[in-house]
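Asks: Quick one: the structure is below, and I'll ask about it shortly.
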Amino acid sequence: MASFGDHDEIIKSISDAPPTHYMVKIESFSLLTKHAIDRYETESFEAGGYKWKLVLFPNGNKSKNTKDHVSVYLALADSTSLTPGWEVSAVFRLYLLDQNKDHYLILQGKERRFHAVKREWGFDKFIPTGTFFDASKGYLIEDTCMFGADVFVSKERRSGRGECLSMIKDATSSKHVWKIENFSKLDKQSYDSNAFFAGDIKWKIRIYPTGTKQGTGTYVSIYLILVDPETISDSTKIFAEFTIRIFDQLQGRHIAGKVTKWFSRSSSENGWVKYISMVYMTQPNSGLLLKDVCLVEADVCVHGITSAL
C-alpha cells in the first residue's frame, strides 16, 4: 500500500480526468537507473499563485529508507522567495496514468503546510516497483510513463517573529595584515584599514593611535569593525572569534588579543580600549615600530549567523 511521508491516512482513487495543473511524460524510464539518476525534479509549474515541482525517486527515497517502491513528492519550487515566516497550506493529488485502461491512479493525503524549512511533501511508497514495472498493470508501457499533479492552496499565513541560528561546521579563518607607515606622524583620532572578507562578511580594523574612551592619551585602542552595518537587517547577528596582533618586527614577541563576540547592526565594533600602552608601543626595543612602520594583523573566523525566520 502507498505510504505518505509520515504514515498518515491516504485517499486512493481512480479517475478518467487528467490532472489540470501539470503532467510529466518520462520516456526510457529504465535509463534513469542506468545513469544513476536517483532523484528527478520537473520544471516548475504554477498553481494557487505559487510555483511547484514534482519530485520522483525511481528506486525509492533512500533518505527515508524506502525500498522496492517509486517515491513521488510535491515541492514548493522557490521557497526562498517567500517572506520570512510565510507558509502555504495545500491539498494535493498525485497522478499516475494506467495506459491500458486509460485512467489515472490518484493518491491524496491530508492538508500540508509548505514553508522554507519543509518545502516537500508526498508519498514515500507511491507504488511498488513490482507493480509499476509490470506491463500488464499499464503504468509503464514500452518504458514510458506519465505522472501528474493537482494542487489546491487552502490558506496562507505568516507566523510570528522568530530567528534561525546557523552554526558553521569546520569554519575557517581569514587573515588580513595592515601596514601602517609614519605611525608617529598620525594626527587623526582613528584610522581604518582596507576592507577584507571573512566568512563572507566584510570587515575592517580600526586603530586609535592615541586611544579612545578610558584609554585616551595613554593607550593605543584597536577594534574589529563590521563594514556597512546599516545594510544588515536588525535580526542578523554574527558570532565571530578574532585575534588582533601587532607584530614585533625585531624579536617576534608579538602583542595579541583574542576574543569571541557577537556583531550586529547595533553592535558593529568590538575590541580593546586599552590594547597596549603608548609608552611601550613607542619603545625602540619593543619592535612594534620599525622605521616608523607598524604591522597589524586581524585573524577572523565566523562561527555562526542568526537571521530572521
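Residues in the C-alpha cells are named by chain (A, B, ... in the order shown) and by number from 1 within that chain; ligands are numbered from 1 in the order shown.
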List the spatial neighbours of Tyr219 of chain A as a ChimeraX atom specification - criterion: any atom at most 10 Å away, only C-alpha atoms, same-chain residues fewer than 4 positions off excluded.

Replies: /A:208-215,272-281

Asks: With only C-alpha atoms as the counted atoms, please give the residues lying no more than 10 Å from Ala298 of chain A, apart from itself and same-chain residues fewer than 4 positions off, as a CSV table (one decimal) with C-alpha atoms, in the first residue's frame.

Replies:
```
chain,number,residue,atom,x,y,z
A,173,SER,CA,39.6,31.9,9.5
A,174,SER,CA,40.8,34.7,7.3
A,175,LYS,CA,43.8,36.9,7.9
A,176,HIS,CA,44.4,40.5,6.9
A,177,VAL,CA,47.7,42.4,7.5
A,178,TRP,CA,47.6,46.1,7.6
A,196,PHE,CA,38.6,42.4,3.8
A,203,TRP,CA,35.4,43.8,8.0
A,204,LYS,CA,37.9,46.5,8.8
A,205,ILE,CA,40.5,47.1,11.5
A,223,TYR,CA,38.8,47.3,17.2
A,224,LEU,CA,37.4,44.9,14.6
A,242,PHE,CA,39.0,37.1,16.2
A,243,THR,CA,42.6,37.8,17.1
A,244,ILE,CA,44.3,41.2,16.6
A,245,ARG,CA,48.0,41.3,16.9
A,246,ILE,CA,50.8,43.9,16.4
A,256,ALA,CA,48.0,39.8,20.6
A,257,GLY,CA,44.4,39.9,21.9
A,258,LYS,CA,41.8,37.2,21.2
```

Asks: As a CSV table (one decimal) with all heavy atoms, in the first residue's frame, please: every residue in segment 178-286 of chain A that a backbone DSSP assignment puts in strand (DSSP E).

Replies:
```csv
chain,number,residue,atom,x,y,z
A,178,TRP,N,47.7,44.7,7.9
A,178,TRP,CA,47.6,46.1,7.6
A,178,TRP,C,49.0,46.8,8.0
A,178,TRP,O,49.4,46.7,9.1
A,178,TRP,CB,46.5,46.7,8.5
A,178,TRP,CG,46.3,48.2,8.3
A,178,TRP,CD1,46.6,49.0,7.2
A,178,TRP,CD2,45.6,49.1,9.2
A,178,TRP,NE1,46.2,50.3,7.4
A,178,TRP,CE2,45.5,50.4,8.6
A,178,TRP,CE3,45.0,48.8,10.5
A,178,TRP,CZ2,44.9,51.4,9.3
A,178,TRP,CZ3,44.4,49.9,11.1
A,178,TRP,CH2,44.3,51.2,10.5
A,179,LYS,N,49.6,47.4,6.9
A,179,LYS,CA,50.9,48.1,7.1
A,179,LYS,C,50.6,49.6,7.3
A,179,LYS,O,50.1,50.2,6.4
A,179,LYS,CB,51.8,47.9,5.9
A,179,LYS,CG,53.1,48.5,6.0
A,179,LYS,CD,54.0,48.2,4.7
A,179,LYS,CE,55.4,48.9,4.8
A,179,LYS,NZ,56.2,48.6,3.6
A,180,ILE,N,50.9,50.1,8.5
A,180,ILE,CA,50.7,51.5,8.8
A,180,ILE,C,52.1,52.2,8.8
A,180,ILE,O,52.9,51.9,9.7
A,180,ILE,CB,50.0,51.7,10.2
A,180,ILE,CG1,48.7,50.8,10.2
A,180,ILE,CG2,49.7,53.1,10.4
A,180,ILE,CD1,48.1,50.8,11.6
A,191,TYR,N,42.0,55.6,12.5
A,191,TYR,CA,42.3,55.2,11.1
A,191,TYR,C,41.7,53.8,10.8
A,191,TYR,O,41.8,53.0,11.7
A,191,TYR,CB,43.8,55.2,10.8
A,191,TYR,CG,44.4,56.6,10.9
A,191,TYR,CD1,44.8,57.1,12.1
A,191,TYR,CD2,44.7,57.3,9.7
A,191,TYR,CE1,45.3,58.4,12.2
A,191,TYR,CE2,45.2,58.6,9.8
A,191,TYR,CZ,45.6,59.1,11.0
A,191,TYR,OH,46.1,60.4,11.1
A,192,ASP,N,41.2,53.6,9.6
A,192,ASP,CA,40.7,52.3,9.2
A,192,ASP,C,41.6,51.6,8.2
A,192,ASP,O,42.1,52.3,7.3
A,192,ASP,CB,39.3,52.4,8.7
A,192,ASP,CG,38.3,52.8,9.7
A,192,ASP,OD1,38.6,52.8,10.9
A,192,ASP,OD2,37.1,53.0,9.4
A,196,PHE,N,38.2,43.8,4.2
A,196,PHE,CA,38.6,42.4,3.8
A,196,PHE,C,37.4,41.5,4.2
A,196,PHE,O,36.5,41.9,5.0
A,196,PHE,CB,39.9,42.0,4.5
A,196,PHE,CG,39.8,42.0,6.0
A,196,PHE,CD1,39.5,40.8,6.7
A,196,PHE,CD2,40.0,43.1,6.8
A,196,PHE,CE1,39.4,40.8,8.1
A,196,PHE,CE2,40.0,43.1,8.1
A,196,PHE,CZ,39.7,41.9,8.8
A,197,PHE,N,37.4,40.3,3.6
A,197,PHE,CA,36.3,39.4,3.8
A,197,PHE,C,36.7,38.3,4.8
A,197,PHE,O,37.8,37.7,4.6
A,197,PHE,CB,35.8,38.8,2.5
A,197,PHE,CG,34.9,39.8,1.7
A,197,PHE,CD1,35.4,40.6,0.8
A,197,PHE,CD2,33.5,39.8,2.0
A,197,PHE,CE1,34.7,41.5,0.1
A,197,PHE,CE2,32.7,40.7,1.3
A,197,PHE,CZ,33.3,41.5,0.3
A,198,ALA,N,35.8,37.9,5.6
A,198,ALA,CA,36.0,36.7,6.5
A,198,ALA,C,34.6,36.1,6.7
A,198,ALA,O,33.7,36.8,7.1
A,198,ALA,CB,36.6,37.0,7.8
A,201,ILE,N,31.6,37.9,5.2
A,201,ILE,CA,31.3,39.2,5.9
A,201,ILE,C,32.4,40.2,5.7
A,201,ILE,O,33.6,39.8,5.7
A,201,ILE,CB,31.0,39.0,7.4
A,201,ILE,CG1,30.0,37.9,7.6
A,201,ILE,CG2,30.6,40.3,8.0
A,201,ILE,CD1,28.6,38.2,7.1
A,202,LYS,N,32.1,41.4,5.5
A,202,LYS,CA,33.1,42.5,5.2
A,202,LYS,C,33.5,43.1,6.5
A,202,LYS,O,32.7,43.6,7.3
A,202,LYS,CB,32.6,43.5,4.2
A,202,LYS,CG,33.6,44.2,3.4
A,202,LYS,CD,32.9,45.0,2.3
A,202,LYS,CE,33.8,45.7,1.4
A,202,LYS,NZ,33.1,46.5,0.3
A,203,TRP,N,34.9,43.2,6.7
A,203,TRP,CA,35.4,43.8,8.0
A,203,TRP,C,36.5,44.8,7.7
A,203,TRP,O,37.0,44.9,6.6
A,203,TRP,CB,36.0,42.7,8.8
A,203,TRP,CG,35.2,41.5,9.0
A,203,TRP,CD1,35.1,40.3,8.2
A,203,TRP,CD2,34.3,41.2,10.1
A,203,TRP,NE1,34.2,39.4,8.8
A,203,TRP,CE2,33.7,40.0,9.9
A,203,TRP,CE3,33.9,42.0,11.3
A,203,TRP,CZ2,32.8,39.4,10.8
A,203,TRP,CZ3,33.0,41.4,12.1
A,203,TRP,CH2,32.4,40.2,11.9
A,204,LYS,N,36.8,45.6,8.8
A,204,LYS,CA,37.9,46.5,8.8
A,204,LYS,C,38.6,46.4,10.2
A,204,LYS,O,37.9,46.1,11.2
A,204,LYS,CB,37.5,47.9,8.5
A,204,LYS,CG,37.2,48.2,7.0
A,204,LYS,CD,36.9,49.7,6.9
A,204,LYS,CE,36.6,50.1,5.4
A,204,LYS,NZ,36.3,51.5,5.2
A,205,ILE,N,39.8,46.8,10.2
A,205,ILE,CA,40.5,47.1,11.5
A,205,ILE,C,40.5,48.6,11.8
A,205,ILE,O,40.7,49.4,10.8
A,205,ILE,CB,42.0,46.6,11.5
A,205,ILE,CG1,42.1,45.1,11.0
A,205,ILE,CG2,42.6,46.8,12.9
A,205,ILE,CD1,43.5,44.7,10.7
A,206,ARG,N,40.2,49.0,13.0
A,206,ARG,CA,40.2,50.4,13.3
A,206,ARG,C,41.2,50.6,14.5
A,206,ARG,O,41.1,49.9,15.5
A,206,ARG,CB,38.8,50.9,13.7
A,206,ARG,CG,38.8,52.4,14.1
A,206,ARG,CD,37.4,52.9,14.2
A,206,ARG,NE,36.8,52.9,12.9
A,206,ARG,CZ,35.4,53.1,12.7
A,206,ARG,NH1,34.6,53.2,13.8
A,206,ARG,NH2,34.9,53.1,11.5
A,207,ILE,N,42.1,51.6,14.3
A,207,ILE,CA,43.1,51.9,15.3
A,207,ILE,C,43.0,53.3,15.8
A,207,ILE,O,42.7,54.2,14.9
A,207,ILE,CB,44.5,51.5,14.8
A,207,ILE,CG1,45.5,51.6,16.0
A,207,ILE,CG2,44.9,52.5,13.7
A,207,ILE,CD1,46.9,51.0,15.7
A,208,TYR,N,43.1,53.5,17.1
A,208,TYR,CA,43.1,54.9,17.6
A,208,TYR,C,44.6,55.0,18.2
A,208,TYR,O,44.9,54.5,19.3
A,208,TYR,CB,42.1,55.0,18.8
A,208,TYR,CG,40.7,54.9,18.4
A,208,TYR,CD1,40.1,53.7,18.2
A,208,TYR,CD2,39.9,56.1,18.2
A,208,TYR,CE1,38.7,53.6,17.8
A,208,TYR,CE2,38.6,56.0,17.8
A,208,TYR,CZ,38.0,54.8,17.6
A,208,TYR,OH,36.7,54.7,17.3
A,219,TYR,N,46.9,54.9,26.0
A,219,TYR,CA,46.9,53.6,25.4
A,219,TYR,C,46.5,53.7,23.9
A,219,TYR,O,45.9,54.7,23.4
A,219,TYR,CB,45.8,52.7,26.0
A,219,TYR,CG,46.2,52.1,27.3
A,219,TYR,CD1,46.0,52.9,28.5
A,219,TYR,CD2,46.8,50.9,27.5
A,219,TYR,CE1,46.4,52.4,29.7
A,219,TYR,CE2,47.2,50.4,28.7
A,219,TYR,CZ,47.0,51.1,29.8
A,219,TYR,OH,47.4,50.7,31.1
A,220,VAL,N,47.0,52.7,23.1
A,220,VAL,CA,46.5,52.5,21.7
A,220,VAL,C,45.3,51.7,21.8
A,220,VAL,O,45.3,50.6,22.5
A,220,VAL,CB,47.6,51.9,20.9
A,220,VAL,CG1,47.1,51.6,19.5
A,220,VAL,CG2,48.9,52.7,20.8
A,221,SER,N,44.2,52.1,21.1
A,221,SER,CA,43.0,51.3,21.1
A,221,SER,C,42.8,50.7,19.7
A,221,SER,O,43.1,51.3,18.7
A,221,SER,CB,41.8,52.2,21.4
A,221,SER,OG,41.9,52.9,22.6
A,222,ILE,N,42.3,49.4,19.7
A,222,ILE,CA,42.1,48.7,18.4
A,222,ILE,C,40.8,48.0,18.5
A,222,ILE,O,40.4,47.3,19.5
A,222,ILE,CB,43.3,47.7,18.2
A,222,ILE,CG1,44.6,48.4,18.0
A,222,ILE,CG2,43.0,46.8,17.0
A,222,ILE,CD1,45.8,47.5,17.7
A,223,TYR,N,40.1,48.0,17.3
A,223,TYR,CA,38.8,47.3,17.2
A,223,TYR,C,38.7,46.6,15.9
A,223,TYR,O,39.4,46.9,14.9
A,223,TYR,CB,37.7,48.4,17.2
A,223,TYR,CG,37.5,49.0,18.6
A,223,TYR,CD1,38.3,50.2,18.9
A,223,TYR,CD2,36.6,48.6,19.5
A,223,TYR,CE1,38.1,50.8,20.1
A,223,TYR,CE2,36.4,49.2,20.7
A,223,TYR,CZ,37.2,50.3,21.0
A,223,TYR,OH,37.1,50.9,22.2
A,224,LEU,N,37.9,45.6,15.8
A,224,LEU,CA,37.4,44.9,14.6
A,224,LEU,C,36.1,45.5,14.3
A,224,LEU,O,35.2,45.6,15.1
A,224,LEU,CB,37.3,43.4,14.8
A,224,LEU,CG,36.8,42.7,13.5
A,224,LEU,CD1,37.9,42.7,12.4
A,224,LEU,CD2,36.5,41.2,13.8
A,225,ILE,N,35.9,46.0,13.0
A,225,ILE,CA,34.7,46.7,12.6
A,225,ILE,C,33.9,46.0,11.6
A,225,ILE,O,34.5,45.5,10.6
A,225,ILE,CB,35.1,48.1,12.1
A,225,ILE,CG1,36.0,48.9,13.1
A,225,ILE,CG2,33.9,48.9,11.7
A,225,ILE,CD1,35.3,49.3,14.3
A,226,LEU,N,32.6,45.9,11.7
A,226,LEU,CA,31.7,45.4,10.7
A,226,LEU,C,31.5,46.5,9.7
A,226,LEU,O,31.0,47.6,10.0
A,226,LEU,CB,30.4,45.0,11.4
A,226,LEU,CG,29.5,44.0,10.7
A,226,LEU,CD1,30.1,42.7,10.3
A,226,LEU,CD2,28.3,43.8,11.6
A,237,LYS,N,22.7,38.6,13.4
A,237,LYS,CA,23.8,38.7,14.4
A,237,LYS,C,24.9,37.7,13.9
A,237,LYS,O,24.6,36.6,13.4
A,237,LYS,CB,23.3,38.2,15.8
A,237,LYS,CG,22.3,39.2,16.4
A,237,LYS,CD,21.9,38.7,17.8
A,237,LYS,CE,21.1,37.4,17.8
A,237,LYS,NZ,20.6,37.0,19.2
A,238,ILE,N,26.1,38.1,14.1
A,238,ILE,CA,27.2,37.4,13.6
A,238,ILE,C,28.1,37.0,14.8
A,238,ILE,O,28.6,37.9,15.5
A,238,ILE,CB,28.0,38.2,12.5
A,238,ILE,CG1,27.1,38.6,11.4
A,238,ILE,CG2,29.3,37.4,12.0
A,238,ILE,CD1,27.5,39.8,10.6
A,239,PHE,N,28.4,35.7,14.9
A,239,PHE,CA,29.2,35.2,16.0
A,239,PHE,C,30.6,35.0,15.5
A,239,PHE,O,30.8,34.1,14.7
A,239,PHE,CB,28.6,33.9,16.6
A,239,PHE,CG,29.3,33.3,17.7
A,239,PHE,CD1,29.5,34.1,18.9
A,239,PHE,CD2,29.7,32.0,17.7
A,239,PHE,CE1,30.1,33.6,20.0
A,239,PHE,CE2,30.3,31.5,18.8
A,239,PHE,CZ,30.5,32.3,20.0
A,240,ALA,N,31.5,35.8,15.9
A,240,ALA,CA,32.9,35.7,15.4
A,240,ALA,C,33.9,35.6,16.5
A,240,ALA,O,33.8,36.2,17.5
A,240,ALA,CB,33.2,37.0,14.5
A,241,GLU,N,35.0,34.8,16.2
A,241,GLU,CA,36.2,34.7,17.0
A,241,GLU,C,37.3,35.5,16.3
A,241,GLU,O,37.5,35.2,15.1
A,241,GLU,CB,36.5,33.3,17.2
A,241,GLU,CG,37.8,33.1,18.0
A,241,GLU,CD,38.2,31.6,18.2
A,241,GLU,OE1,37.6,30.8,17.4
A,241,GLU,OE2,39.0,31.3,19.0
A,242,PHE,N,38.0,36.4,17.0
A,242,PHE,CA,39.0,37.1,16.2
A,242,PHE,C,40.2,37.4,17.1
A,242,PHE,O,40.1,37.5,18.4
A,242,PHE,CB,38.5,38.4,15.6
A,242,PHE,CG,38.0,39.4,16.6
A,242,PHE,CD1,38.8,40.5,17.0
A,242,PHE,CD2,36.7,39.4,17.1
A,242,PHE,CE1,38.4,41.4,17.9
A,242,PHE,CE2,36.2,40.4,18.0
A,242,PHE,CZ,37.1,41.4,18.4
A,243,THR,N,41.3,37.5,16.5
A,243,THR,CA,42.6,37.8,17.1
A,243,THR,C,43.2,39.1,16.4
A,243,THR,O,43.2,39.1,15.2
A,243,THR,CB,43.6,36.7,17.1
A,243,THR,OG1,43.1,35.6,17.7
A,243,THR,CG2,44.9,37.1,17.7
A,244,ILE,N,43.6,40.1,17.1
A,244,ILE,CA,44.3,41.2,16.6
A,244,ILE,C,45.7,41.3,17.2
A,244,ILE,O,45.8,41.2,18.4
A,244,ILE,CB,43.5,42.5,16.8
A,244,ILE,CG1,42.2,42.5,16.0
A,244,ILE,CG2,44.4,43.7,16.3
A,244,ILE,CD1,41.4,43.8,16.1
A,245,ARG,N,46.7,41.3,16.3
A,245,ARG,CA,48.0,41.3,16.9
A,245,ARG,C,48.8,42.4,16.2
A,245,ARG,O,48.6,42.7,15.0
A,245,ARG,CB,48.7,39.9,16.7
A,245,ARG,CG,48.8,39.4,15.3
A,245,ARG,CD,49.6,38.1,15.2
A,245,ARG,NE,49.0,37.1,16.0
A,245,ARG,CZ,48.0,36.3,15.6
A,245,ARG,NH1,47.5,36.4,14.4
A,245,ARG,NH2,47.5,35.4,16.4
A,246,ILE,N,49.8,43.0,16.9
A,246,ILE,CA,50.8,43.9,16.4
A,246,ILE,C,52.1,43.1,16.4
A,246,ILE,O,52.5,42.6,17.4
A,246,ILE,CB,50.9,45.2,17.2
A,246,ILE,CG1,49.5,45.9,17.2
A,246,ILE,CG2,52.0,46.1,16.7
A,246,ILE,CD1,49.5,47.2,18.0
A,255,ILE,N,52.4,41.2,20.1
A,255,ILE,CA,51.3,41.5,21.0
A,255,ILE,C,50.0,41.1,20.4
A,255,ILE,O,49.7,41.4,19.3
A,255,ILE,CB,51.3,43.1,21.3
A,255,ILE,CG1,52.7,43.5,21.8
A,255,ILE,CG2,50.2,43.4,22.3
A,255,ILE,CD1,53.1,42.9,23.1
A,256,ALA,N,49.2,40.3,21.2
A,256,ALA,CA,48.0,39.8,20.6
A,256,ALA,C,46.8,39.8,21.6
A,256,ALA,O,47.1,39.6,22.8
A,256,ALA,CB,48.2,38.4,20.1
A,257,GLY,N,45.6,40.0,21.1
A,257,GLY,CA,44.4,39.9,21.9
A,257,GLY,C,43.4,39.1,21.2
A,257,GLY,O,43.3,39.2,20.0
A,258,LYS,N,42.8,38.1,21.9
A,258,LYS,CA,41.8,37.2,21.2
A,258,LYS,C,40.5,37.2,22.0
A,258,LYS,O,40.5,37.2,23.3
A,258,LYS,CB,42.4,35.8,21.2
A,258,LYS,CG,41.5,34.8,20.5
A,258,LYS,CD,42.2,33.4,20.5
A,258,LYS,CE,41.4,32.4,19.7
A,258,LYS,NZ,42.1,31.1,19.7
A,259,VAL,N,39.4,37.3,21.3
A,259,VAL,CA,38.1,37.3,21.9
A,259,VAL,C,37.0,36.8,21.0
A,259,VAL,O,37.2,36.7,19.8
A,259,VAL,CB,37.8,38.8,22.3
A,259,VAL,CG1,37.5,39.6,21.1
A,259,VAL,CG2,36.6,38.9,23.3
A,260,THR,N,35.9,36.3,21.6
A,260,THR,CA,34.8,35.9,20.8
A,260,THR,C,33.6,36.8,21.1
A,260,THR,O,33.3,37.0,22.3
A,260,THR,CB,34.4,34.4,21.2
A,260,THR,OG1,35.5,33.6,20.9
A,260,THR,CG2,33.2,33.9,20.3
A,261,LYS,N,33.0,37.4,20.1
A,261,LYS,CA,31.9,38.4,20.3
A,261,LYS,C,30.8,38.2,19.2
A,261,LYS,O,31.0,37.6,18.2
A,261,LYS,CB,32.5,39.8,20.1
A,261,LYS,CG,33.5,40.2,21.2
A,261,LYS,CD,32.8,40.4,22.6
A,261,LYS,CE,33.7,41.0,23.6
A,261,LYS,NZ,33.0,41.2,24.9
A,262,TRP,N,29.6,38.8,19.6
A,262,TRP,CA,28.5,38.9,18.7
A,262,TRP,C,28.5,40.3,18.0
A,262,TRP,O,28.7,41.3,18.7
A,262,TRP,CB,27.2,38.7,19.4
A,262,TRP,CG,26.9,37.3,19.8
A,262,TRP,CD1,27.1,36.7,21.0
A,262,TRP,CD2,26.3,36.3,18.9
A,262,TRP,NE1,26.7,35.4,21.0
A,262,TRP,CE2,26.2,35.1,19.7
A,262,TRP,CE3,25.8,36.2,17.6
A,262,TRP,CZ2,25.6,33.9,19.2
A,262,TRP,CZ3,25.3,35.1,17.1
A,262,TRP,CH2,25.2,33.9,17.9
A,263,PHE,N,28.4,40.3,16.7
A,263,PHE,CA,28.3,41.6,16.0
A,263,PHE,C,26.9,41.7,15.4
A,263,PHE,O,26.3,40.7,15.0
A,263,PHE,CB,29.4,41.6,14.8
A,263,PHE,CG,30.8,41.7,15.3
A,263,PHE,CD1,31.5,40.6,15.7
A,263,PHE,CD2,31.4,43.0,15.2
A,263,PHE,CE1,32.8,40.7,16.1
A,263,PHE,CE2,32.8,43.1,15.6
A,263,PHE,CZ,33.5,41.9,16.1
A,264,SER,N,26.5,42.9,15.3
A,264,SER,CA,25.1,43.2,14.8
A,264,SER,C,25.1,44.6,14.2
A,264,SER,O,26.0,45.4,14.3
A,264,SER,CB,24.0,43.0,15.8
A,264,SER,OG,24.2,43.9,16.9
A,269,GLU,N,31.1,47.0,16.3
A,269,GLU,CA,32.6,47.0,16.6
A,269,GLU,C,32.9,46.4,18.0
A,269,GLU,O,32.1,46.6,18.9
A,269,GLU,CB,33.2,48.4,16.5
A,269,GLU,CG,32.6,49.4,17.5
A,269,GLU,CD,33.2,50.8,17.3
A,269,GLU,OE1,33.3,51.3,16.2
A,269,GLU,OE2,33.7,51.3,18.3
A,270,ASN,N,33.9,45.6,18.0
A,270,ASN,CA,34.4,45.0,19.2
A,270,ASN,C,35.9,45.1,19.3
A,270,ASN,O,36.6,44.9,18.2
A,270,ASN,CB,33.9,43.6,19.4
A,270,ASN,CG,32.5,43.5,19.8
A,270,ASN,OD1,32.2,43.8,21.0
A,270,ASN,ND2,31.6,43.0,18.9
A,271,GLY,N,36.5,45.3,20.5
A,271,GLY,CA,37.9,45.3,20.6
A,271,GLY,C,38.4,45.7,21.9
A,271,GLY,O,37.8,45.4,22.9
A,272,TRP,N,39.5,46.5,21.9
A,272,TRP,CA,40.2,46.8,23.2
A,272,TRP,C,40.4,48.3,23.3
A,272,TRP,O,41.1,48.9,22.5
A,272,TRP,CB,41.5,46.1,23.3
A,272,TRP,CG,41.4,44.6,23.4
A,272,TRP,CD1,41.3,43.8,24.5
A,272,TRP,CD2,41.3,43.7,22.2
A,272,TRP,NE1,41.2,42.5,24.1
A,272,TRP,CE2,41.2,42.4,22.8
A,272,TRP,CE3,41.3,43.9,20.8
A,272,TRP,CZ2,41.0,41.3,22.0
A,272,TRP,CZ3,41.1,42.8,20.0
A,272,TRP,CH2,41.0,41.5,20.6
A,273,VAL,N,39.8,48.9,24.4
A,273,VAL,CA,40.1,50.3,24.6
A,273,VAL,C,41.6,50.5,25.1
A,273,VAL,O,42.2,51.5,24.7
A,273,VAL,CB,39.1,50.8,25.8
A,273,VAL,CG1,39.5,52.2,26.2
A,273,VAL,CG2,37.7,50.8,25.3
A,274,LYS,N,42.0,49.6,25.9
A,274,LYS,CA,43.4,49.7,26.4
A,274,LYS,C,44.2,48.5,25.8
A,274,LYS,O,44.5,47.5,26.5
A,274,LYS,CB,43.5,49.7,27.9
A,274,LYS,CG,42.8,50.9,28.5
A,274,LYS,CD,42.8,50.8,30.1
A,274,LYS,CE,42.1,52.0,30.7
A,274,LYS,NZ,42.2,51.9,32.2
A,275,TYR,N,44.5,48.5,24.5
A,275,TYR,CA,45.1,47.4,23.9
A,275,TYR,C,46.6,47.3,24.3
A,275,TYR,O,47.1,46.2,24.6
A,275,TYR,CB,45.0,47.5,22.3
A,275,TYR,CG,45.6,46.4,21.6
A,275,TYR,CD1,44.9,45.2,21.4
A,275,TYR,CD2,46.9,46.4,21.0
A,275,TYR,CE1,45.4,44.1,20.7
A,275,TYR,CE2,47.4,45.3,20.4
A,275,TYR,CZ,46.7,44.2,20.2
A,275,TYR,OH,47.2,43.1,19.5
A,276,ILE,N,47.3,48.4,24.2
A,276,ILE,CA,48.7,48.5,24.6
A,276,ILE,C,49.1,49.9,24.9
A,276,ILE,O,48.6,50.9,24.3
A,276,ILE,CB,49.7,48.0,23.4
A,276,ILE,CG1,51.1,47.8,23.9
A,276,ILE,CG2,49.6,48.8,22.2
A,276,ILE,CD1,52.0,47.2,22.9
A,277,SER,N,50.0,50.1,25.9
A,277,SER,CA,50.3,51.4,26.3
A,277,SER,C,51.1,52.1,25.3
A,277,SER,O,51.9,51.5,24.5
A,277,SER,CB,51.1,51.4,27.7
A,277,SER,OG,52.4,50.9,27.4
```

Asks: Near Glu43 of chain A, within 12 Å and counting only C-alpha atoms, which residues show up once chain neighbours fewer than 6 positions away are dropped, as a count of residues only?

Replies: 13

Asks: Can you work out which one of A:Leu140, A:Ile10, A:Ala17, A:Leu32 has the shortest atom-to-atom distance to Phe126 of chain A, counting only C-alpha atoms?

Replies: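 When distances to Phe126 of chain A are compared using only C-alpha atoms, the smallest one comes from A:Ile10.
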
Asks: Please indicate the distance in Å from atom CA of His35 of chain A to atom CA of Gly60 of chain A, rounded to one decimal place.

Replies: 15.4 Å

Asks: Grab the atom CA of Gly49 of chain A to atom CA of Glu87 of chain A distance for me, in Å with one decimal place.

Replies: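 Value for the atom CA of Gly49 of chain A-atom CA of Glu87 of chain A distance: 12.9 Å.
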
Asks: Just checking: using only C-alpha atoms, which residue out of A:Lys137, A:Lys110, A:Lys12, A:Arg253 ends up closest to Asp98 of chain A?

Replies: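 Ranking A:Lys137, A:Lys110, A:Lys12, A:Arg253 by distance to Asp98 of chain A, first place goes to A:Lys137.
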
Asks: Have a look at A:Ala47, A:Ile37, A:Ile127, A:Leu186 and name the one nearest to Asp292 of chain A; count only C-alpha atoms.

Replies: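 Between A:Ala47, A:Ile37, A:Ile127, A:Leu186, the residue approaching Asp292 of chain A most closely is A:Leu186.
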
Asks: Grab the atom CA of Glu120 of chain A to atom CA of His21 of chain A distance for me, in Å with one decimal place.

Replies: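 It comes out at 17.2 Å.
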
Asks: Taking into account only C-alpha atoms, which residue in the set A:Leu105, A:Ala116, A:Ile232, A:Leu250 is nearest to Ser266 of chain A?

Replies: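 Once distances to Ser266 of chain A are computed over only C-alpha atoms, the minimum belongs to A:Ile232.
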
Asks: Got a sec to tell me which of segment 45-274 of chain A DSSP assigns to helix (DSSP H, G or I), as a list in words?

Replies: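 Answer for segment 45-274 of chain A restricted to helix (DSSP H, G or I) is Lys62, Ser63, Lys64, Ser79, Thr80, Ser81, Thr129, Gly130, Thr131, Phe132, Ala135, Ser136, Lys137, Phe183, Ser184, Lys185, Lys213, Gln214, Gly215, Pro229, Glu230 and Thr231 of chain A.
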
Asks: Counting only C-alpha atoms, which residue out of A:Ser89, A:Ser30, A:Ser15, A:Asn182 sits closest to His103 of chain A?

Replies: A:Ser15
